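Everything below belongs to run.txt, which stores compact mmCIF, C-alpha atoms and all ligand atoms.
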```
# COMPACT_ATOMS: atom_id res chain seq x y z
CA MET A 9 41.10 17.59 -1.62
CA LEU A 10 38.20 19.99 -1.70
CA LEU A 11 37.01 18.46 -4.95
CA LEU A 12 37.23 15.01 -3.44
CA ARG A 13 35.22 16.09 -0.46
CA GLU A 14 32.59 17.67 -2.67
CA THR A 15 32.38 14.59 -4.84
CA THR A 16 31.98 12.40 -1.76
CA PHE A 17 29.27 14.72 -0.50
CA ILE A 18 27.39 14.57 -3.79
CA LEU A 19 27.72 10.78 -3.90
CA LEU A 20 26.44 10.43 -0.35
CA THR A 21 23.55 12.78 -0.99
CA THR A 22 22.62 10.84 -4.11
CA LEU A 23 22.81 7.59 -2.17
CA ILE A 24 20.52 8.92 0.56
CA VAL A 25 17.99 10.12 -2.01
CA VAL A 26 18.11 6.75 -3.79
CA VAL A 27 17.64 4.85 -0.52
CA ASN A 28 14.76 7.09 0.51
CA SER A 29 12.98 6.81 -2.81
CA LYS A 30 12.37 3.10 -2.39
CA ALA A 31 8.64 2.49 -2.09
CA PRO A 32 7.56 0.44 0.97
CA TYR A 33 6.37 -2.44 -1.22
CA GLU A 34 9.61 -2.84 -3.16
CA GLY A 35 11.29 -6.10 -2.23
CA LEU A 36 8.04 -7.91 -1.41
CA GLU A 37 8.05 -9.33 -4.95
CA LYS A 38 11.23 -11.23 -4.13
CA PHE A 39 11.93 -14.19 -1.90
CA SER A 40 13.40 -13.11 1.41
CA GLU A 41 14.35 -15.12 4.46
CA LYS A 42 13.39 -12.11 6.54
CA TYR A 43 11.52 -9.13 5.16
CA VAL A 44 12.85 -5.80 6.37
CA PHE A 45 10.79 -2.97 7.75
CA PRO A 46 10.17 -0.31 5.08
CA GLU A 47 10.77 3.30 6.02
CA LEU A 48 8.16 5.83 5.01
CA GLU A 49 8.97 8.40 2.36
CA TYR A 50 7.63 11.10 4.72
CA GLY A 51 7.86 11.85 8.43
CA TYR A 52 5.23 11.07 11.06
CA THR A 53 4.11 14.71 11.24
CA ASP A 54 4.09 15.30 7.49
CA LEU A 55 0.55 14.13 6.72
CA GLU A 56 -0.90 16.59 9.24
CA PRO A 57 -3.55 17.88 9.53
CA TYR A 58 -5.19 15.07 7.55
CA ILE A 59 -3.54 12.16 9.30
CA ASP A 60 -2.24 13.01 12.74
CA GLU A 61 1.19 12.15 14.06
CA ALA A 62 0.01 9.87 16.87
CA THR A 63 -2.04 7.75 14.49
CA LEU A 64 0.68 7.50 11.86
CA ARG A 65 3.31 6.63 14.44
CA VAL A 66 1.39 3.73 15.94
CA HIS A 67 -0.01 2.61 12.58
CA HIS A 68 3.41 2.35 10.95
CA GLY A 69 5.75 1.71 13.88
CA GLY A 70 3.25 -0.47 15.76
CA HIS A 71 0.73 -2.22 13.54
CA HIS A 72 2.77 -2.46 10.35
CA LYS A 73 5.92 -3.53 12.16
CA GLY A 74 3.96 -6.08 14.17
CA TYR A 75 2.69 -7.71 10.96
CA MET A 76 6.24 -7.84 9.61
CA LYS A 77 7.53 -9.67 12.68
CA LYS A 78 4.63 -12.11 12.64
CA ILE A 79 4.86 -12.98 8.95
CA ASN A 80 8.63 -13.45 9.18
CA ALA A 81 8.16 -15.85 12.08
CA LYS A 82 5.34 -17.70 10.33
CA LEU A 83 7.26 -18.05 7.06
CA GLU A 84 10.25 -19.39 8.97
CA GLU A 85 8.08 -22.00 10.63
CA TRP A 86 6.50 -23.06 7.32
CA ARG A 87 9.86 -23.17 5.54
CA GLU A 88 11.39 -25.33 8.24
CA GLU A 89 8.71 -27.86 7.50
CA ALA A 90 8.70 -27.48 3.69
CA SER A 91 11.62 -25.59 2.23
CA ASP A 92 10.65 -25.69 -1.44
CA GLY A 93 7.52 -24.98 -3.46
CA LEU A 94 5.25 -22.10 -2.54
CA SER A 95 6.97 -21.47 0.81
CA SER A 96 10.08 -20.33 -1.05
CA ALA A 97 8.18 -17.92 -3.31
CA SER A 98 7.96 -14.17 -2.73
CA LEU A 99 5.38 -12.74 -0.34
CA VAL A 100 3.51 -11.25 -3.34
CA ASP A 101 3.32 -14.67 -4.99
CA ILE A 102 2.32 -16.40 -1.76
CA ILE A 103 -0.55 -13.98 -1.17
CA THR A 104 -1.58 -14.29 -4.83
CA SER A 105 -1.77 -18.08 -4.37
CA ILE A 106 -3.18 -18.02 -0.84
CA ASP A 107 -5.54 -20.93 -1.61
CA ASP A 108 -2.51 -23.16 -2.19
CA VAL A 109 -0.92 -22.42 1.19
CA PRO A 110 -1.23 -25.47 3.48
CA ILE A 111 -4.32 -25.15 5.68
CA LYS A 112 -2.15 -25.24 8.77
CA TYR A 113 -0.51 -21.93 7.77
CA GLN A 114 -3.13 -20.37 5.52
CA LYS A 115 -5.00 -18.19 8.01
CA ALA A 116 -1.84 -16.85 9.66
CA VAL A 117 -0.16 -16.17 6.31
CA GLU A 118 -3.25 -14.33 5.10
CA ASP A 119 -3.55 -12.26 8.29
CA PHE A 120 0.12 -11.44 8.84
CA GLY A 121 1.38 -11.51 5.26
CA GLY A 122 -1.66 -9.59 4.06
CA GLY A 123 -1.24 -7.17 6.96
CA PHE A 124 2.35 -6.53 6.01
CA LEU A 125 1.69 -6.16 2.29
CA ASN A 126 -1.55 -4.18 2.58
CA HIS A 127 0.01 -1.61 4.88
CA ALA A 128 3.03 -1.25 2.58
CA LEU A 129 0.64 -0.37 -0.26
CA TYR A 130 -1.49 1.93 1.91
CA PHE A 131 1.49 4.00 3.09
CA ALA A 132 3.03 4.09 -0.38
CA VAL A 133 0.26 5.99 -2.12
CA MET A 134 0.04 8.92 0.28
CA SER A 135 2.20 12.03 0.53
CA PRO A 136 2.12 15.35 2.41
CA ASN A 137 -0.24 18.02 1.10
CA GLU A 138 0.78 21.15 2.98
CA ALA A 139 -0.80 23.43 0.39
CA ASN A 140 -4.21 21.75 0.73
CA GLU A 141 -4.35 21.14 -3.00
CA THR A 142 -7.02 19.22 -4.80
CA ARG A 143 -5.10 16.50 -6.58
CA LEU A 144 -6.15 14.66 -9.68
CA PRO A 145 -4.69 11.82 -11.70
CA THR A 146 -3.39 12.75 -15.14
CA ASP A 147 -3.00 11.35 -18.63
CA ALA A 148 -3.49 7.62 -19.16
CA LEU A 149 -4.54 6.95 -15.58
CA LEU A 150 -7.25 9.60 -15.76
CA GLY A 151 -8.30 8.18 -19.11
CA ASP A 152 -8.64 4.70 -17.61
CA ILE A 153 -10.63 6.12 -14.69
CA ASN A 154 -12.92 7.96 -17.12
CA ASP A 155 -13.42 4.79 -19.16
CA SER A 156 -14.04 2.56 -16.14
CA PHE A 157 -16.21 4.85 -14.01
CA GLY A 158 -17.49 7.63 -16.27
CA SER A 159 -15.53 10.43 -14.65
CA PHE A 160 -13.12 11.08 -11.82
CA GLN A 161 -15.96 12.38 -9.65
CA GLN A 162 -17.99 9.23 -10.21
CA PHE A 163 -14.96 7.13 -9.32
CA LYS A 164 -14.39 9.14 -6.15
CA ASP A 165 -18.03 8.95 -5.11
CA GLN A 166 -18.17 5.20 -5.65
CA PHE A 167 -14.91 4.60 -3.76
CA THR A 168 -16.11 6.77 -0.88
CA ALA A 169 -19.46 4.98 -0.76
CA GLU A 170 -17.68 1.61 -0.50
CA ALA A 171 -15.47 2.95 2.30
CA LEU A 172 -18.49 4.07 4.30
CA LYS A 173 -20.45 0.88 3.61
CA LEU A 174 -17.70 -1.58 4.55
CA PHE A 175 -18.73 -3.25 7.79
CA GLY A 176 -16.01 -3.95 10.33
CA SER A 177 -12.31 -3.94 9.46
CA GLY A 178 -10.92 -3.96 5.96
CA TYR A 179 -9.75 -2.02 2.95
CA VAL A 180 -11.13 -0.36 -0.15
CA TRP A 181 -9.10 -0.89 -3.30
CA LEU A 182 -8.68 0.46 -6.77
CA ASN A 183 -7.41 -2.41 -8.91
CA GLN A 184 -6.18 -2.77 -12.44
CA GLU A 185 -6.41 -5.58 -14.95
CA LEU A 186 -4.66 -5.28 -18.27
CA SER A 187 -7.18 -4.97 -21.11
CA SER A 188 -6.68 -4.46 -24.83
CA GLY A 189 -4.27 -1.90 -26.29
CA GLY A 190 -2.19 -1.57 -23.14
CA ARG A 191 -5.08 0.10 -21.33
CA PHE A 192 -6.35 -0.96 -17.94
CA LEU A 193 -9.74 -2.00 -16.81
CA LEU A 194 -10.10 -0.55 -13.30
CA SER A 195 -12.33 -1.79 -10.52
CA ILE A 196 -13.20 -0.88 -6.96
CA THR A 197 -13.39 -3.74 -4.48
CA THR A 198 -13.33 -4.16 -0.72
CA THR A 199 -11.68 -6.84 1.37
CA ALA A 200 -12.28 -7.89 4.97
CA ASN A 201 -9.57 -7.98 7.61
CA GLN A 202 -6.21 -8.46 5.87
CA GLU A 203 -7.38 -10.18 2.70
CA SER A 204 -5.79 -8.96 -0.53
CA PRO A 205 -7.18 -8.35 -4.03
CA LEU A 206 -4.09 -10.21 -5.30
CA SER A 207 -5.79 -13.43 -4.19
CA ASP A 208 -8.61 -12.55 -6.63
CA GLY A 209 -6.20 -12.01 -9.53
CA LEU A 210 -6.33 -8.20 -9.31
CA GLN A 211 -3.45 -5.73 -9.07
CA PRO A 212 -4.15 -3.12 -6.38
CA ILE A 213 -2.93 0.40 -7.20
CA LEU A 214 -4.62 2.45 -4.49
CA THR A 215 -5.92 1.49 -1.08
CA LEU A 216 -7.65 2.99 1.91
CA ASP A 217 -7.35 1.34 5.31
CA VAL A 218 -10.67 1.60 7.14
CA TRP A 219 -9.65 -0.36 10.22
CA GLU A 220 -10.49 1.75 13.27
CA HIS A 221 -6.79 1.97 14.17
CA ALA A 222 -6.35 4.07 11.02
CA TYR A 223 -8.49 6.92 12.39
CA TYR A 224 -9.86 6.34 15.87
CA LEU A 225 -7.39 8.56 17.76
CA LYS A 226 -8.31 11.55 15.61
CA HIS A 227 -11.86 10.96 14.50
CA GLN A 228 -13.21 8.35 16.94
CA LEU A 229 -16.24 6.85 15.24
CA ARG A 230 -16.43 9.35 12.37
CA ARG A 231 -15.18 7.26 9.48
CA PRO A 232 -16.52 9.74 6.87
CA LYS A 233 -14.07 12.34 8.22
CA HIS A 234 -11.20 9.88 7.83
CA VAL A 235 -12.15 9.17 4.24
CA GLU A 236 -12.48 12.88 3.42
CA ASP A 237 -9.06 13.61 4.95
CA TRP A 238 -7.45 10.65 3.22
CA TRP A 239 -8.44 11.90 -0.24
CA LYS A 240 -6.29 14.98 0.47
CA VAL A 241 -3.13 12.92 0.90
CA VAL A 242 -3.63 10.48 -1.99
CA ASP A 243 -0.67 10.98 -4.32
CA TRP A 244 -1.53 10.11 -7.92
CA THR A 245 2.11 10.06 -8.95
CA GLN A 246 2.67 7.27 -6.44
CA VAL A 247 -0.45 5.46 -7.67
CA LYS A 248 0.97 5.57 -11.20
CA LYS A 249 4.32 4.30 -9.92
CA LEU A 250 2.60 1.36 -8.24
CA SER A 251 0.58 0.68 -11.40
CA ASP A 252 3.83 0.57 -13.43
CA TRP A 253 5.53 -1.59 -10.81
CA TRP A 254 2.99 -4.38 -11.24
CA GLN A 255 3.85 -4.42 -14.93
CA GLN A 256 7.56 -5.15 -14.47
CA PRO A 257 8.07 -8.46 -16.26
CA SER A 258 10.61 -9.72 -13.69
CA LYS A 259 7.88 -9.76 -11.09
CA HIS A 260 5.87 -12.41 -12.86
CA GLU A 261 8.58 -14.89 -13.79
CA GLU A 262 7.69 -17.20 -10.97
CA LEU A 263 3.95 -17.17 -11.62
C1 LIG B 1 -8.62 22.97 2.64
O1 LIG B 1 -9.43 23.74 1.78
C2 LIG B 1 -10.83 23.58 1.94
C3 LIG B 1 -11.55 24.46 0.94
O2 LIG B 1 -10.97 24.44 -0.28
C4 LIG B 1 -11.25 23.95 3.36
O3 LIG B 1 -12.62 23.69 3.53
C5 LIG B 1 -10.42 23.15 4.36
O4 LIG B 1 -10.74 23.58 5.66
C6 LIG B 1 -8.94 23.30 4.09
N1 LIG B 1 -8.22 22.43 4.99
C7 LIG B 1 -7.10 22.81 5.60
C8 LIG B 1 -6.49 21.81 6.50
O5 LIG B 1 -6.59 23.88 5.43
C1 LIG B 2 -11.70 12.68 -18.32
O1 LIG B 2 -13.01 13.21 -18.25
C2 LIG B 2 -13.06 14.60 -18.00
C3 LIG B 2 -14.51 14.99 -17.89
O2 LIG B 2 -15.12 14.29 -16.86
C4 LIG B 2 -12.38 15.37 -19.10
O3 LIG B 2 -12.35 16.74 -18.80
C5 LIG B 2 -10.96 14.88 -19.26
O4 LIG B 2 -10.35 15.48 -20.38
C6 LIG B 2 -10.94 13.37 -19.44
N1 LIG B 2 -9.54 12.98 -19.48
C7 LIG B 2 -9.09 11.95 -20.16
C8 LIG B 2 -7.60 11.75 -20.15
O5 LIG B 2 -9.80 11.17 -20.74
FE FE B 3 -4.01 -0.50 9.31
```
Is it possible to express this structure as structure tokens?
Amino acid sequence: MLLLRETTFILLTTLIVVVNSKAPYEGLEKFSEKYVFPELEYGYTDLEPYIDEATLRVHHGGHHKGYMKKINAKLEEWREEASDGLSSASLVDIITSIDDVPIKYQKAVEDFGGGFLNHALYFAVMSPNEANETRLPTDALLGDINDSFGSFQQFKDQFTAEALKLFGSGYVWLNQELSSGGRFLLSITTTANQESPLSDGLQPILTLDVWEHAYYLKHQLRRPKHVEDWWKVVDWTQVKKLSDWWQQPSKHEEL
């Protein structure tokens, strides 16, 4: 009896860990009639003091959830009109082929679908940093960064400069493209509003949201402070995980 109870406990614990370890973007590569709202892998207070609870709460539970509801409604509307073809592809594939979305739906799909996907990626690559550590990528990823930008510091400086330069609302991205020998060519790009690098044939592996809603409660107009704080919570293990995820062959069958 005791053994049974212990076994059940272990099974349940394992299940909870497995459920929690799902990254917010997982599932977006598959067709879904209704996309579900991804939980975060950390709590709303856990990114303090770099990202404050009030901001994270409204950003995830308000903005991100709002985009999910809107894209689900918009996809339903589009699919009622045309049930096959691109409308029945995954959200990742739809955003990748945004130019092929009927004009009538294109802007809404880009805004809401991009908003849902971009936020999933943004939240996925951060994690708590209670010890105030300086974190660096390792191994192959660091090698690719060295090759593409000269050094990690040069990469960081260039990314930061783009974040400060970006006018209005948008995102800064680190993207990968497969190059020879299984290595990646990396690039930094920015997008306006909720546009995605996927639409430009790039695979985003790290992103910074520079919309004012991402920092205004804490920093008001001081975007440089937001960028400086954000670097502290970037989690390079998660970046690597996202980089690997794009390489799963199953994800590209429909392309
Ligand atoms: C983290 O450490 C740096 C110096 O290494 C310091 O300037 C900063 O105030 C620290 N931040 C927190 C939140 O402890
Ligand atoms: C990346 O460059 C730094 C010097 O900027 C060097 O110390 C490090 O070993 C390099 N790492 C890789 C994996 O190339
Ligand atoms: Fe945002």
Worksheet item: Hey, what's within 6 Å of stretch 211-219 of chain A if we count all atoms listed in the file and toss same-chain stuff fewer than 6 positions away? As a list in words, please?
Response: Tyr130, Ser177, Gly178, Tyr179, Val180, Trp181, Leu182, Asn183, Gln184, Val247, Leu250 and Ser251 of chain A
Worksheet entry | Residues within 9 Å of ligand LIG 1 (chain B), counting all atoms listed in the file, as number ranges by chain | A: 56-58, 138-142, 237, 240
Discussion item. Report as an NGL selection string all protein, DNA and RNA residues lying within 10 Å of A:Asp108, evaluated on all atoms listed in the file, omitting residues in the same chain fewer than 6 positions from it.
Written reply: :A and (94 or 102 or 114)
Practice prompt. Enter the distance from atom CA of A:Thr63 to atom CA of A:Ala222, in Å, rounded to one decimal.
Written response: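 Interatomic distance, atom CA of A:Thr63 to atom CA of A:Ala222: 6.6 Å.
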Item to complete: Grab me every residue within 10 Å of ligand LIG 2 (chain B), counting all atoms listed in the file, and send it over as a PyMOL selection string.
Response: chain A and resi 145-155+157-162
Can those selected residues be exported to a file as a CSV table (one decimal), keeping the file's coordinate frame so that it contains C-alpha atoms?
```csv
chain,number,residue,atom,x,y,z
A,145,PRO,CA,-4.7,11.8,-11.7
A,146,THR,CA,-3.4,12.8,-15.1
A,147,ASP,CA,-3.0,11.4,-18.6
A,148,ALA,CA,-3.5,7.6,-19.2
A,149,LEU,CA,-4.5,7.0,-15.6
A,150,LEU,CA,-7.2,9.6,-15.8
A,151,GLY,CA,-8.3,8.2,-19.1
A,152,ASP,CA,-8.6,4.7,-17.6
A,153,ILE,CA,-10.6,6.1,-14.7
A,154,ASN,CA,-12.9,8.0,-17.1
A,155,ASP,CA,-13.4,4.8,-19.2
A,157,PHE,CA,-16.2,4.8,-14.0
A,158,GLY,CA,-17.5,7.6,-16.3
A,159,SER,CA,-15.5,10.4,-14.6
A,160,PHE,CA,-13.1,11.1,-11.8
A,161,GLN,CA,-16.0,12.4,-9.6
A,162,GLN,CA,-18.0,9.2,-10.2
```
Discussion item. My list of candidates is A:Val235, A:Leu83, A:His227, A:Ser105. Which is closest to A:Asp60 when distances are computed with all atoms listed in the file?
Written reply: A:His227
Would you mind listing the residues within 12 Å of ligand FE 3 (chain B), counting all atoms listed in the file, as a compact mmCIF listing (two decimals) with C-alpha atoms, in the coordinates of the input?
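Saved the output as pocket_35.txt:
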```txt
# COMPACT_ATOMS: atom_id res chain seq x y z
CA THR A 63 -2.04 7.75 14.49
CA LEU A 64 0.68 7.50 11.86
CA ARG A 65 3.31 6.63 14.44
CA VAL A 66 1.39 3.73 15.94
CA HIS A 67 -0.01 2.61 12.58
CA HIS A 68 3.41 2.35 10.95
CA GLY A 69 5.75 1.71 13.88
CA GLY A 70 3.25 -0.47 15.76
CA HIS A 71 0.73 -2.22 13.54
CA HIS A 72 2.77 -2.46 10.35
CA LYS A 73 5.92 -3.53 12.16
CA GLY A 74 3.96 -6.08 14.17
CA TYR A 75 2.69 -7.71 10.96
CA ASP A 119 -3.55 -12.26 8.29
CA PHE A 120 0.12 -11.44 8.84
CA GLY A 122 -1.66 -9.59 4.06
CA GLY A 123 -1.24 -7.17 6.96
CA PHE A 124 2.35 -6.53 6.01
CA LEU A 125 1.69 -6.16 2.29
CA ASN A 126 -1.55 -4.18 2.58
CA HIS A 127 0.01 -1.61 4.88
CA ALA A 128 3.03 -1.25 2.58
CA LEU A 129 0.64 -0.37 -0.26
CA TYR A 130 -1.49 1.93 1.91
CA PHE A 131 1.49 4.00 3.09
CA SER A 177 -12.31 -3.94 9.46
CA GLY A 178 -10.92 -3.96 5.96
CA TYR A 179 -9.75 -2.02 2.95
CA VAL A 180 -11.13 -0.36 -0.15
CA ALA A 200 -12.28 -7.89 4.97
CA ASN A 201 -9.57 -7.98 7.61
CA GLN A 202 -6.21 -8.46 5.87
CA THR A 215 -5.92 1.49 -1.08
CA LEU A 216 -7.65 2.99 1.91
CA ASP A 217 -7.35 1.34 5.31
CA VAL A 218 -10.67 1.60 7.14
CA TRP A 219 -9.65 -0.36 10.22
CA GLU A 220 -10.49 1.75 13.27
CA HIS A 221 -6.79 1.97 14.17
CA ALA A 222 -6.35 4.07 11.02
CA TYR A 223 -8.49 6.92 12.39
CA TYR A 224 -9.86 6.34 15.87
```
